[in-house]
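Asker: So here's my_file_2.cif (mmCIF, C-alpha atoms).
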```
data_work
loop_
_atom_site.group_PDB
_atom_site.id
_atom_site.type_symbol
_atom_site.label_atom_id
_atom_site.label_comp_id
_atom_site.auth_asym_id
_atom_site.auth_seq_id
_atom_site.Cartn_x
_atom_site.Cartn_y
_atom_site.Cartn_z
ATOM 1 C CA MET A 1 9.527 -14.142 -1.192
ATOM 2 C CA CYS A 2 7.296 -12.856 -3.999
ATOM 3 C CA ILE A 3 8.153 -10.307 -6.659
ATOM 4 C CA LEU A 4 6.202 -7.998 -8.975
ATOM 5 C CA LEU A 5 7.536 -6.354 -12.134
ATOM 6 C CA ALA A 6 5.457 -3.670 -13.848
ATOM 7 C CA SER A 7 5.874 -1.480 -16.918
ATOM 8 C CA SER A 8 3.827 1.101 -18.803
ATOM 9 C CA ALA A 9 6.472 1.596 -21.509
ATOM 10 C CA HIS A 10 5.495 -0.996 -24.117
ATOM 11 C CA PRO A 11 4.008 0.463 -27.339
ATOM 12 C CA LYS A 12 1.310 -2.228 -27.624
ATOM 13 C CA TYR A 13 0.413 -2.593 -23.937
ATOM 14 C CA SER A 14 -0.350 0.204 -21.496
ATOM 15 C CA LEU A 15 0.494 -2.145 -18.632
ATOM 16 C CA ILE A 16 2.605 -5.284 -18.355
ATOM 17 C CA LEU A 17 2.761 -7.117 -15.041
ATOM 18 C CA ILE A 18 4.911 -10.135 -14.198
ATOM 19 C CA SER A 19 4.547 -11.795 -10.812
ATOM 20 C CA ASN A 20 5.922 -14.796 -8.932
ATOM 21 C CA ARG A 21 4.143 -16.243 -5.941
ATOM 22 C CA ASP A 22 6.660 -17.820 -3.559
ATOM 23 C CA GLU A 23 4.877 -19.957 -0.993
ATOM 24 C CA PHE A 24 4.684 -23.392 0.613
ATOM 25 C CA PHE A 25 3.483 -25.885 -1.973
ATOM 26 C CA GLU A 26 0.967 -27.437 0.410
ATOM 27 C CA ARG A 27 -0.908 -24.169 0.994
ATOM 28 C CA LYS A 28 -4.368 -24.688 -0.469
ATOM 29 C CA THR A 29 -5.031 -22.515 -3.497
ATOM 30 C CA GLN A 30 -7.673 -22.111 -6.180
ATOM 31 C CA HIS A 31 -6.239 -21.250 -9.562
ATOM 32 C CA THR A 32 -7.269 -18.121 -11.456
ATOM 33 C CA CYS A 33 -10.962 -17.925 -12.271
ATOM 34 C CA LEU A 34 -13.783 -15.387 -12.398
ATOM 35 C CA GLN A 35 -15.221 -14.449 -8.995
ATOM 36 C CA LYS A 36 -17.942 -12.170 -7.629
ATOM 37 C CA ASP A 37 -20.589 -12.607 -10.340
ATOM 38 C CA GLN A 38 -17.914 -12.913 -13.037
ATOM 39 C CA SER A 39 -16.602 -9.391 -12.351
ATOM 40 C CA ILE A 40 -13.220 -10.158 -10.700
ATOM 41 C CA LEU A 41 -10.508 -12.326 -12.225
ATOM 42 C CA CYS A 42 -8.070 -13.712 -9.663
ATOM 43 C CA PRO A 43 -6.671 -16.817 -7.951
ATOM 44 C CA LEU A 44 -7.753 -17.506 -4.370
ATOM 45 C CA ASP A 45 -5.929 -18.406 -1.184
ATOM 46 C CA MET A 46 -7.915 -21.299 0.297
ATOM 47 C CA ALA A 47 -5.759 -21.799 3.401
ATOM 48 C CA VAL A 48 -7.872 -22.314 6.498
ATOM 49 C CA GLY A 49 -7.564 -19.653 9.189
ATOM 50 C CA ASN A 50 -7.772 -20.061 12.951
ATOM 51 C CA ASP A 51 -11.554 -19.941 12.652
ATOM 52 C CA GLY A 52 -11.535 -23.007 10.399
ATOM 53 C CA ILE A 53 -12.792 -21.044 7.389
ATOM 54 C CA PRO A 54 -10.838 -20.721 4.112
ATOM 55 C CA LYS A 55 -9.457 -17.213 3.732
ATOM 56 C CA ARG A 56 -10.549 -16.769 0.095
ATOM 57 C CA GLY A 57 -8.371 -13.712 -0.305
ATOM 58 C CA THR A 58 -6.044 -13.132 -3.219
ATOM 59 C CA TRP A 59 -2.542 -11.868 -3.886
ATOM 60 C CA CYS A 60 -3.466 -10.444 -7.294
ATOM 61 C CA GLY A 61 -6.462 -9.687 -9.424
ATOM 62 C CA ILE A 62 -8.265 -7.378 -11.819
ATOM 63 C CA ASN A 63 -11.926 -6.453 -12.149
ATOM 64 C CA LYS A 64 -13.998 -5.589 -15.213
ATOM 65 C CA ASN A 65 -13.842 -1.896 -14.342
ATOM 66 C CA GLY A 66 -10.072 -2.031 -14.866
ATOM 67 C CA LYS A 67 -9.009 -1.826 -11.223
ATOM 68 C CA ILE A 68 -5.986 -4.020 -10.525
ATOM 69 C CA ALA A 69 -4.161 -5.011 -7.332
ATOM 70 C CA PHE A 70 -1.137 -7.047 -6.203
ATOM 71 C CA VAL A 71 -0.114 -7.542 -2.567
ATOM 72 C CA LEU A 72 3.237 -8.781 -1.238
ATOM 73 C CA ASN A 73 4.514 -9.607 2.212
ATOM 74 C CA LEU A 74 6.780 -6.923 3.730
ATOM 75 C CA ARG A 75 9.794 -8.325 5.555
ATOM 76 C CA HIS A 76 11.918 -6.059 7.711
ATOM 77 C CA ASN A 77 14.233 -5.983 10.704
ATOM 78 C CA ARG A 78 13.132 -2.748 12.292
ATOM 79 C CA PRO A 79 11.563 -3.614 15.672
ATOM 80 C CA GLN A 80 11.093 0.036 16.501
ATOM 81 C CA GLU A 81 8.906 0.381 13.429
ATOM 82 C CA ALA A 82 7.163 -2.958 13.722
ATOM 83 C CA ASN A 83 3.526 -2.748 12.746
ATOM 84 C CA LEU A 84 1.589 -5.019 15.086
ATOM 85 C CA CYS A 85 -0.320 -7.471 12.960
ATOM 86 C CA ASN A 86 -3.811 -8.599 13.947
ATOM 87 C CA PRO A 87 -3.650 -12.430 14.144
ATOM 88 C CA GLY A 88 -6.962 -12.649 12.302
ATOM 89 C CA PHE A 89 -5.895 -10.353 9.480
ATOM 90 C CA SER A 90 -5.314 -11.778 6.003
ATOM 91 C CA ARG A 91 -3.262 -9.769 3.507
ATOM 92 C CA GLY A 92 -5.337 -11.353 0.779
ATOM 93 C CA SER A 93 -8.355 -9.410 1.999
ATOM 94 C CA VAL A 94 -6.721 -6.140 0.909
ATOM 95 C CA PRO A 95 -6.839 -6.684 -2.882
ATOM 96 C CA THR A 96 -10.220 -8.392 -2.527
ATOM 97 C CA ARG A 97 -11.790 -5.411 -0.776
ATOM 98 C CA PHE A 98 -10.347 -2.945 -3.288
ATOM 99 C CA LEU A 99 -11.462 -4.972 -6.316
ATOM 100 C CA ALA A 100 -14.962 -5.581 -4.947
ATOM 101 C CA ASP A 101 -15.632 -1.894 -4.288
ATOM 102 C CA PRO A 102 -17.569 -0.183 -7.116
ATOM 103 C CA GLY A 103 -16.057 3.219 -6.373
ATOM 104 C CA PRO A 104 -13.416 4.894 -8.543
ATOM 105 C CA PHE A 105 -9.682 4.456 -8.100
ATOM 106 C CA SER A 106 -9.443 8.069 -6.920
ATOM 107 C CA GLU A 107 -11.125 7.031 -3.656
ATOM 108 C CA TRP A 108 -8.315 4.531 -2.922
ATOM 109 C CA CYS A 109 -5.231 6.006 -4.570
ATOM 110 C CA THR A 110 -3.234 6.962 -1.452
ATOM 111 C CA PHE A 111 -2.540 5.094 1.768
ATOM 112 C CA ASP A 112 -4.724 7.445 3.806
ATOM 113 C CA LYS A 113 -7.634 7.045 1.396
ATOM 114 C CA PHE A 114 -7.202 3.274 1.302
ATOM 115 C CA ALA A 115 -7.020 3.063 5.108
ATOM 116 C CA SER A 116 -10.169 5.159 5.463
ATOM 117 C CA LYS A 117 -11.961 2.671 3.220
ATOM 118 C CA TYR A 118 -10.368 -0.428 4.743
ATOM 119 C CA PRO A 119 -8.639 0.266 8.108
ATOM 120 C CA PRO A 120 -7.236 -3.294 8.495
ATOM 121 C CA ILE A 121 -4.534 -2.414 5.953
ATOM 122 C CA ARG A 122 -2.735 -0.799 8.896
ATOM 123 C CA ASN A 123 -2.592 -4.178 10.682
ATOM 124 C CA GLY A 124 -0.430 -6.147 8.289
ATOM 125 C CA ASN A 125 3.137 -5.963 7.069
ATOM 126 C CA LEU A 126 2.596 -5.613 3.330
ATOM 127 C CA ASN A 127 3.487 -3.863 0.100
ATOM 128 C CA LEU A 128 0.639 -3.094 -2.279
ATOM 129 C CA PHE A 129 0.367 -2.146 -5.947
ATOM 130 C CA ILE A 130 -3.004 -0.839 -7.102
ATOM 131 C CA GLY A 131 -4.187 0.931 -10.200
ATOM 132 C CA ASP A 132 -6.798 1.800 -12.773
ATOM 133 C CA CYS A 133 -6.028 0.337 -16.193
ATOM 134 C CA LYS A 134 -8.505 2.673 -17.892
ATOM 135 C CA THR A 135 -7.040 5.942 -16.611
ATOM 136 C CA GLN A 136 -3.532 4.460 -16.400
ATOM 137 C CA GLN A 137 -3.049 5.676 -12.829
ATOM 138 C CA PHE A 138 -1.073 3.454 -10.464
ATOM 139 C CA THR A 139 0.119 3.631 -6.859
ATOM 140 C CA ALA A 140 2.603 1.664 -4.768
ATOM 141 C CA MET A 141 2.151 1.740 -0.998
ATOM 142 C CA ASP A 142 2.997 -0.130 2.188
ATOM 143 C CA SER A 143 1.192 -0.708 5.466
ATOM 144 C CA PHE A 144 3.347 1.846 7.291
ATOM 145 C CA GLY A 145 1.813 4.728 5.360
ATOM 146 C CA LEU A 146 4.089 5.209 2.372
ATOM 147 C CA SER A 147 2.300 5.757 -0.938
ATOM 148 C CA ARG A 148 3.465 7.184 -4.226
ATOM 149 C CA PRO A 149 2.304 7.316 -7.844
ATOM 150 C CA VAL A 150 4.242 4.952 -10.113
ATOM 151 C CA LEU A 151 4.668 4.053 -13.799
ATOM 152 C CA ALA A 152 4.618 7.656 -14.999
ATOM 153 C CA PRO A 153 6.067 8.262 -18.499
ATOM 154 C CA GLU A 154 9.321 9.592 -17.067
ATOM 155 C CA ASP A 155 9.772 6.478 -14.883
ATOM 156 C CA PRO A 156 7.697 3.713 -16.501
ATOM 157 C CA ASN A 157 9.145 0.606 -14.841
ATOM 158 C CA LEU A 158 8.739 -0.734 -11.312
ATOM 159 C CA VAL A 159 9.946 -3.763 -9.351
ATOM 160 C CA ILE A 160 8.587 -4.536 -5.884
ATOM 161 C CA SER A 161 9.474 -7.441 -3.631
ATOM 162 C CA ASN A 162 9.400 -7.857 0.137
ATOM 163 C CA ASP A 163 11.703 -5.016 1.150
ATOM 164 C CA PHE A 164 10.597 -1.435 1.749
ATOM 165 C CA ILE A 165 9.605 0.257 -1.508
ATOM 166 C CA ASP A 166 11.709 3.319 -0.659
ATOM 167 C CA SER A 167 14.723 1.396 0.654
ATOM 168 C CA THR A 168 18.053 3.096 -0.111
ATOM 169 C CA THR A 169 19.610 -0.300 -0.823
ATOM 170 C CA LYS A 170 18.164 -2.886 -3.192
ATOM 171 C CA TRP A 171 18.052 -6.639 -2.861
ATOM 172 C CA PRO A 172 20.067 -8.390 -5.611
ATOM 173 C CA LYS A 173 16.898 -9.859 -7.133
ATOM 174 C CA ILE A 174 15.381 -6.395 -7.535
ATOM 175 C CA GLU A 175 18.471 -5.006 -9.260
ATOM 176 C CA VAL A 176 18.557 -7.951 -11.658
ATOM 177 C CA ALA A 177 14.800 -7.765 -12.290
ATOM 178 C CA GLU A 178 14.990 -4.053 -13.128
ATOM 179 C CA LYS A 179 17.635 -4.690 -15.783
ATOM 180 C CA LEU A 180 15.822 -7.676 -17.263
ATOM 181 C CA LEU A 181 12.511 -5.798 -17.384
ATOM 182 C CA HIS A 182 14.107 -2.831 -19.149
ATOM 183 C CA ASN A 183 15.683 -5.148 -21.717
ATOM 184 C CA LEU A 184 12.480 -7.105 -22.289
ATOM 185 C CA ILE A 185 10.411 -3.987 -22.971
ATOM 186 C CA HIS A 186 12.923 -2.619 -25.461
ATOM 187 C CA GLU A 187 13.762 -5.879 -27.234
ATOM 188 C CA TYR A 188 10.218 -7.182 -27.749
ATOM 189 C CA GLN A 189 8.262 -4.102 -28.803
ATOM 190 C CA ASP A 190 7.074 -5.780 -32.004
ATOM 191 C CA ALA A 191 6.637 -9.278 -30.607
ATOM 192 C CA ALA A 192 3.431 -11.232 -31.080
ATOM 193 C CA GLU A 193 1.457 -11.604 -27.878
ATOM 194 C CA ASP A 194 2.240 -15.295 -27.375
ATOM 195 C CA GLU A 195 5.947 -14.608 -27.754
ATOM 196 C CA LEU A 196 5.794 -11.698 -25.315
ATOM 197 C CA VAL A 197 4.002 -13.837 -22.709
ATOM 198 C CA THR A 198 6.667 -16.513 -23.144
ATOM 199 C CA LYS A 199 9.440 -13.960 -22.657
ATOM 200 C CA CYS A 200 7.712 -12.582 -19.555
ATOM 201 C CA LEU A 201 7.532 -16.074 -18.068
ATOM 202 C CA GLU A 202 11.187 -16.658 -18.928
ATOM 203 C CA LEU A 203 12.063 -13.485 -17.039
ATOM 204 C CA ALA A 204 9.977 -14.685 -14.083
ATOM 205 C CA SER A 205 11.963 -17.938 -14.154
ATOM 206 C CA HIS A 206 15.386 -16.268 -13.994
ATOM 207 C CA CYS A 207 17.568 -17.796 -11.281
ATOM 208 C CA GLN A 208 21.021 -16.266 -10.934
ATOM 209 C CA CYS A 209 22.153 -18.230 -7.872
ATOM 210 C CA GLU A 210 22.085 -21.999 -7.528
ATOM 211 C CA SER A 211 19.358 -22.990 -5.115
ATOM 212 C CA PRO A 212 20.220 -25.343 -2.246
ATOM 213 C CA LYS A 213 18.054 -28.379 -1.633
ATOM 214 C CA VAL A 214 17.521 -27.305 1.981
ATOM 215 C CA PHE A 215 16.857 -23.710 3.054
ATOM 216 C CA GLU A 216 19.896 -22.155 4.691
ATOM 217 C CA SER A 217 19.497 -18.366 4.751
ATOM 218 C CA ASP A 218 17.558 -15.359 3.463
ATOM 219 C CA GLN A 219 20.147 -14.992 0.720
ATOM 220 C CA LEU A 220 18.173 -17.472 -1.379
ATOM 221 C CA THR A 221 14.953 -15.465 -1.351
ATOM 222 C CA ASN A 222 16.708 -12.072 -1.562
ATOM 223 C CA SER A 223 18.835 -12.987 -4.578
ATOM 224 C CA ASN A 224 16.686 -15.034 -6.949
ATOM 225 C CA ILE A 225 13.705 -13.842 -8.964
ATOM 226 C CA PHE A 226 12.695 -17.496 -9.243
ATOM 227 C CA VAL A 227 13.009 -19.707 -6.169
ATOM 228 C CA ALA A 228 13.419 -23.382 -7.068
ATOM 229 C CA PRO A 229 11.838 -25.968 -4.739
ATOM 230 C CA VAL A 230 13.656 -26.021 -1.421
ATOM 231 C CA GLU A 231 13.037 -28.058 1.724
ATOM 232 C CA ILE A 232 12.270 -25.926 4.762
ATOM 233 C CA PRO A 233 13.511 -27.312 8.096
ATOM 234 C CA CYS A 234 11.025 -27.154 10.935
ATOM 235 C CA GLY A 235 11.204 -23.754 12.614
ATOM 236 C CA ALA A 236 13.134 -22.019 9.820
ATOM 237 C CA LYS A 237 12.067 -18.406 9.324
ATOM 238 C CA ILE A 238 11.168 -18.115 5.669
ATOM 239 C CA GLY A 239 8.677 -15.260 6.027
ATOM 240 C CA ALA A 240 5.508 -17.248 5.320
ATOM 241 C CA THR A 241 2.507 -16.600 7.544
ATOM 242 C CA LEU A 242 1.192 -20.179 7.550
ATOM 243 C CA PRO A 243 4.031 -22.696 7.177
ATOM 244 C CA CYS A 244 2.720 -26.036 5.950
ATOM 245 C CA GLY A 245 4.321 -29.041 4.367
ATOM 246 C CA THR A 246 7.964 -29.408 3.416
ATOM 247 C CA TYR A 247 8.669 -27.584 0.148
ATOM 248 C CA TYR A 248 8.736 -23.858 -0.522
ATOM 249 C CA GLY A 249 9.478 -21.896 -3.684
ATOM 250 C CA THR A 250 7.924 -20.212 -6.697
ATOM 251 C CA ARG A 251 4.709 -22.151 -7.092
ATOM 252 C CA SER A 252 2.928 -20.002 -9.678
ATOM 253 C CA GLN A 253 3.686 -17.181 -12.114
ATOM 254 C CA ILE A 254 1.292 -14.593 -13.516
ATOM 255 C CA VAL A 255 1.558 -12.335 -16.555
ATOM 256 C CA VAL A 256 -0.956 -9.554 -17.229
ATOM 257 C CA LEU A 257 -1.030 -7.587 -20.493
ATOM 258 C CA VAL A 258 -3.417 -4.633 -20.871
ATOM 259 C CA ALA A 259 -3.855 -3.692 -24.529
ATOM 260 C CA ARG A 260 -3.195 -0.034 -25.261
ATOM 261 C CA LYS A 261 -5.792 0.490 -28.013
ATOM 262 C CA GLU A 262 -8.652 -1.784 -26.948
ATOM 263 C CA PRO A 263 -10.282 -2.849 -23.649
ATOM 264 C CA ILE A 264 -8.731 -6.313 -23.617
ATOM 265 C CA VAL A 265 -6.688 -7.827 -20.786
ATOM 266 C CA THR A 266 -4.655 -11.000 -21.229
ATOM 267 C CA PHE A 267 -4.221 -12.809 -17.902
ATOM 268 C CA VAL A 268 -1.990 -15.894 -17.806
ATOM 269 C CA GLU A 269 -1.256 -18.024 -14.749
ATOM 270 C CA GLN A 270 1.477 -20.654 -15.027
ATOM 271 C CA VAL A 271 1.044 -23.192 -12.242
ATOM 272 C CA LEU A 272 4.209 -25.023 -11.216
ATOM 273 C CA HIS A 273 3.458 -26.704 -7.888
ATOM 274 C CA ASP A 274 0.297 -27.421 -5.890
ATOM 275 C CA ALA A 275 1.677 -29.917 -3.370
ATOM 276 C CA ASP A 276 4.955 -31.285 -2.029
ATOM 277 C CA GLU A 277 4.727 -34.221 -4.418
ATOM 278 C CA ASP A 278 4.953 -31.748 -7.328
ATOM 279 C CA ALA A 279 8.406 -30.502 -6.291
ATOM 280 C CA THR A 280 10.340 -32.919 -8.499
ATOM 281 C CA LYS A 281 7.733 -33.279 -11.256
ATOM 282 C CA TYR A 282 7.353 -29.776 -12.643
ATOM 283 C CA SER A 283 9.381 -26.707 -13.541
ATOM 284 C CA PRO A 284 9.056 -23.531 -15.653
ATOM 285 C CA SER A 285 10.006 -25.555 -18.741
ATOM 286 C CA ASN A 286 7.486 -28.240 -17.774
ATOM 287 C CA PRO A 287 4.664 -26.482 -15.899
ATOM 288 C CA LYS A 288 1.833 -28.349 -14.278
ATOM 289 C CA GLU A 289 -0.786 -26.154 -15.935
ATOM 290 C CA ARG A 290 -1.136 -22.898 -17.819
ATOM 291 C CA ILE A 291 -4.391 -20.975 -17.500
ATOM 292 C CA ASN A 292 -5.252 -18.289 -20.060
ATOM 293 C CA PHE A 293 -7.974 -15.653 -19.820
ATOM 294 C CA LYS A 294 -9.104 -12.793 -22.036
ATOM 295 C CA LEU A 295 -11.027 -10.216 -20.024
ATOM 296 C CA THR A 296 -12.980 -7.445 -21.738
ATOM 297 C CA LEU A 297 -13.148 -4.321 -19.614
ATOM 298 C CA ASP A 298 -16.413 -2.444 -19.262
ATOM 299 C CA SER A 299 -16.847 0.771 -21.238
ATOM 300 C CA PRO A 300 -15.717 3.484 -21.360
ATOM 301 C CA PHE A 301 -12.108 2.606 -22.063
#
```
Hey, can you dump this file as structure tokens for me?

Answerer:
Amino acid sequence: MCILLASSAHPKYSLILISNRDEFFERKTQHTCLQKDQSILCPLDMAVGNDGIPKRGTWCGINKNGKIAFVLNLRHNRPQEANLCNPGFSRGSVPTRFLADPGPFSEWCTFDKFASKYPPIRNGNLNLFIGDCKTQQFTAMDSFGLSRPVLAPEDPNLVISNDFIDSTTKWPKIEVAEKLLHNLIHEYQDAAEDELVTKCLELASHCQCESPKVFESDQLTNSNIFVAPVEIPCGAKIGATLPCGTYYGTRSQIVVLVARKEPIVTFVEQVLHDADEDATKYSPSNPKERINFKLTLDSPF
């Protein structure tokens, strides 16, 4: 299950984002690149839907106007609150629609506003982080209607995974991630950018519980920020929408740094696994590929 860590507290960067994508390794994916006439920077989900067409949605991205979005699956055991999901709906379409729209963040900044612009958001079980890097306004919401401003000066850190954002109890991985994020921001305020990116990726690779070779229970995905490759038995409920192949785990990691004093965004994707055959070949200390982008935001900044 994926995780997103965000902070607006660093003196050099108005926004730091750290994200793990936990997914089946065989799910077809295009690594981070510029899309939509070079205006949107994001990876793409290339899994084929029931209509035989690649979805081409994304789980994270930023556009040259400074709008940013991350979507995560929402897992819950509340049948009475279950939000019926349209079989044809792709969560990846939610960030894509937001990033492609030329309108200001203020037209999307609450669940009701977002749903009026893109009603299908009501059809999927998801958590969503969106924001405007220029105005430094950010919102966390879910598909059940919750939305709230986040990353304000009095509460500058945020961790979201696949539980309800307003849950009264926290998964172990969220509690650990909150502590590690707080420590990272305070310990590396003067770090060079390359060092800070490295430390962000190290945080994303934190694994506090030993991972089994074969999936046994939700405890694995609830407890570990980083999910090492694990075999998924046929029929096991891991929370993925399109099970494919054998191995599941953290297959890519993304770090985003938005400079505080200039319109520059550093976007780094560390690719770990693209197929089942990669499961034993690569790791955070030996990634398959690291992709680095510098994106200049449009004026004004």

Asker: Rank A:Arg251, A:Arg27, A:Lys36, A:His182 by their smallest atom-to-atom distance to Ser283 of chain A, using only C-alpha atoms, and report the top residue only.

Answerer: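 The shortest atom-to-atom distance to Ser283 of chain A comes from A:Arg251.
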
Asker: Would you mind listing what lies within 10 Å of Pro102 of chain A as a VMD selection string, with all atoms listed in the file counted and same-chain residues fewer than 5 positions away left out?

Answerer: chain A and resid 63 65 67

Asker: Restricting the calculation to only C-alpha atoms, which member of A:Phe267, A:Phe129, A:Phe111, A:Tyr188 is positioned closest to Ser143 of chain A?

Answerer: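 Once distances to Ser143 of chain A are computed over only C-alpha atoms, the minimum belongs to A:Phe111.
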
Asker: I would like the residues chosen by the PyMOL selection byres ((chain A and resi 42) around 9) on the shown file; could you give them as a VMD selection string?

Answerer: chain A and resid 31 to 35 40 to 41 43 to 44 58 to 63

Asker: Choose the residue, out of A:Lys294, A:Arg21, A:Lys28, A:Lys134, that has the smallest atom-to-atom separation from Met46 of chain A; count all atoms listed in the file.

Answerer: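 So, comparing all the options, the nearest one is A:Lys28.
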
Asker: Applied to this file, what does the PyMOL selection byres ((chain A and resi 227) around 9) return in terms of residues, put as a list in words?

Answerer: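 The output of the PyMOL selection byres ((chain A and resi 227) around 9) on this file is Met1, Asp22, Ser205, His206, Cys207, Ser211, Leu220, Thr221, Asn224, Ile225, Phe226, Ala228, Pro229, Val230, Tyr248, Gly249, Thr250 and Arg251 of chain A.
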
Asker: May I have the residues from that selection written out with C-alpha atoms, as an mmCIF file, in the frame of the given file?

Answerer:
```cif
data_model
loop_
_atom_site.group_PDB
_atom_site.id
_atom_site.type_symbol
_atom_site.label_atom_id
_atom_site.label_comp_id
_atom_site.auth_asym_id
_atom_site.auth_seq_id
_atom_site.Cartn_x
_atom_site.Cartn_y
_atom_site.Cartn_z
ATOM 1 C CA MET A 1 9.527 -14.142 -1.192
ATOM 2 C CA ASP A 22 6.660 -17.820 -3.559
ATOM 3 C CA SER A 205 11.963 -17.938 -14.154
ATOM 4 C CA HIS A 206 15.386 -16.268 -13.994
ATOM 5 C CA CYS A 207 17.568 -17.796 -11.281
ATOM 6 C CA SER A 211 19.358 -22.990 -5.115
ATOM 7 C CA LEU A 220 18.173 -17.472 -1.379
ATOM 8 C CA THR A 221 14.953 -15.465 -1.351
ATOM 9 C CA ASN A 224 16.686 -15.034 -6.949
ATOM 10 C CA ILE A 225 13.705 -13.842 -8.964
ATOM 11 C CA PHE A 226 12.695 -17.496 -9.243
ATOM 12 C CA ALA A 228 13.419 -23.382 -7.068
ATOM 13 C CA PRO A 229 11.838 -25.968 -4.739
ATOM 14 C CA VAL A 230 13.656 -26.021 -1.421
ATOM 15 C CA TYR A 248 8.736 -23.858 -0.522
ATOM 16 C CA GLY A 249 9.478 -21.896 -3.684
ATOM 17 C CA THR A 250 7.924 -20.212 -6.697
ATOM 18 C CA ARG A 251 4.709 -22.151 -7.092
#
```

Asker: State, in Å with one decimal place, the distance from atom CA of Gly57 of chain A to atom CA of Thr29 of chain A.

Answerer: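 Answer for the atom CA of Gly57 of chain A to atom CA of Thr29 of chain A separation: 9.9 Å.
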
Asker: Just give me the gap between atom CA of Arg122 of chain A and atom CA of Ser252 of chain A in Å, one decimal is fine.

Answerer: 27.3 Å

Asker: Edge lengths and centre in Å to one decimal, as JSON, of the axis-aligned box that encloses all listed atoms of segment 134-148 of chain A with 5 Å added on every side?

Answerer:
```
{"center_x": -2.2, "center_y": 3.2, "center_z": -5.3, "size_x": 22.6, "size_y": 17.9, "size_z": 35.2}
```

Asker: Please determine, counting all atoms listed in the file, which residue among A:Ala100, A:Leu201, A:Leu128, A:Cys133 has the shortest atom-to-atom distance to Pro263 of chain A.

Answerer: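 Closest residue, counting all atoms listed in the file: A:Cys133.
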
Asker: Hey, what comes out of the PyMOL selection byres ((chain A and resi 47) around 12) on this file? Could you write it as a compact mmCIF listing (two decimals) with C-alpha atoms, keeping the file's coordinate frame?

Answerer:
```
# COMPACT_ATOMS: atom_id res chain seq x y z
CA GLU A 23 4.88 -19.96 -0.99
CA PHE A 24 4.68 -23.39 0.61
CA PHE A 25 3.48 -25.88 -1.97
CA GLU A 26 0.97 -27.44 0.41
CA ARG A 27 -0.91 -24.17 0.99
CA LYS A 28 -4.37 -24.69 -0.47
CA THR A 29 -5.03 -22.52 -3.50
CA GLN A 30 -7.67 -22.11 -6.18
CA LEU A 44 -7.75 -17.51 -4.37
CA ASP A 45 -5.93 -18.41 -1.18
CA MET A 46 -7.92 -21.30 0.30
CA VAL A 48 -7.87 -22.31 6.50
CA GLY A 49 -7.56 -19.65 9.19
CA ASN A 50 -7.77 -20.06 12.95
CA ASP A 51 -11.55 -19.94 12.65
CA GLY A 52 -11.54 -23.01 10.40
CA ILE A 53 -12.79 -21.04 7.39
CA PRO A 54 -10.84 -20.72 4.11
CA LYS A 55 -9.46 -17.21 3.73
CA ARG A 56 -10.55 -16.77 0.10
CA GLY A 57 -8.37 -13.71 -0.30
CA THR A 58 -6.04 -13.13 -3.22
CA SER A 90 -5.31 -11.78 6.00
CA GLY A 92 -5.34 -11.35 0.78
CA THR A 241 2.51 -16.60 7.54
CA LEU A 242 1.19 -20.18 7.55
CA PRO A 243 4.03 -22.70 7.18
CA CYS A 244 2.72 -26.04 5.95
```

Asker: Can you give me N, CA and C atoms for segment 182-192 of chain A, written as a PDB file, keeping the file's coordinate frame?

Answerer:
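File produced: rebuild06.pdb:
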```
ATOM      1  N   HIS A 182      13.748  -3.876 -18.181  1.00  0.00           N
ATOM      2  CA  HIS A 182      14.107  -2.831 -19.149  1.00  0.00           C
ATOM      3  C   HIS A 182      14.465  -3.455 -20.499  1.00  0.00           C
ATOM      4  N   ASN A 183      15.264  -4.497 -20.474  1.00  0.00           N
ATOM      5  CA  ASN A 183      15.683  -5.148 -21.717  1.00  0.00           C
ATOM      6  C   ASN A 183      14.507  -5.795 -22.440  1.00  0.00           C
ATOM      7  N   LEU A 184      13.634  -6.440 -21.680  1.00  0.00           N
ATOM      8  CA  LEU A 184      12.480  -7.105 -22.289  1.00  0.00           C
ATOM      9  C   LEU A 184      11.593  -6.101 -23.021  1.00  0.00           C
ATOM     10  N   ILE A 185      11.293  -4.987 -22.368  1.00  0.00           N
ATOM     11  CA  ILE A 185      10.411  -3.987 -22.971  1.00  0.00           C
ATOM     12  C   ILE A 185      11.000  -3.442 -24.266  1.00  0.00           C
ATOM     13  N   HIS A 186      12.291  -3.221 -24.291  1.00  0.00           N
ATOM     14  CA  HIS A 186      12.923  -2.619 -25.461  1.00  0.00           C
ATOM     15  C   HIS A 186      13.200  -3.632 -26.575  1.00  0.00           C
ATOM     16  N   GLU A 187      13.419  -4.882 -26.223  1.00  0.00           N
ATOM     17  CA  GLU A 187      13.762  -5.879 -27.234  1.00  0.00           C
ATOM     18  C   GLU A 187      12.543  -6.530 -27.882  1.00  0.00           C
ATOM     19  N   TYR A 188      11.383  -6.463 -27.235  1.00  0.00           N
ATOM     20  CA  TYR A 188      10.218  -7.182 -27.749  1.00  0.00           C
ATOM     21  C   TYR A 188       9.035  -6.241 -27.986  1.00  0.00           C
ATOM     22  N   GLN A 189       9.320  -5.069 -28.527  1.00  0.00           N
ATOM     23  CA  GLN A 189       8.262  -4.102 -28.803  1.00  0.00           C
ATOM     24  C   GLN A 189       7.354  -4.547 -29.941  1.00  0.00           C
ATOM     25  N   ASP A 190       7.875  -5.327 -30.863  1.00  0.00           N
ATOM     26  CA  ASP A 190       7.074  -5.780 -32.004  1.00  0.00           C
ATOM     27  C   ASP A 190       6.671  -7.252 -31.901  1.00  0.00           C
ATOM     28  N   ALA A 191       6.905  -7.848 -30.765  1.00  0.00           N
ATOM     29  CA  ALA A 191       6.637  -9.278 -30.607  1.00  0.00           C
ATOM     30  C   ALA A 191       5.145  -9.577 -30.644  1.00  0.00           C
ATOM     31  N   ALA A 192       4.802 -10.743 -31.182  1.00  0.00           N
ATOM     32  CA  ALA A 192       3.431 -11.232 -31.080  1.00  0.00           C
ATOM     33  C   ALA A 192       3.125 -11.507 -29.613  1.00  0.00           C
TER      34      ALA A 192
END
```
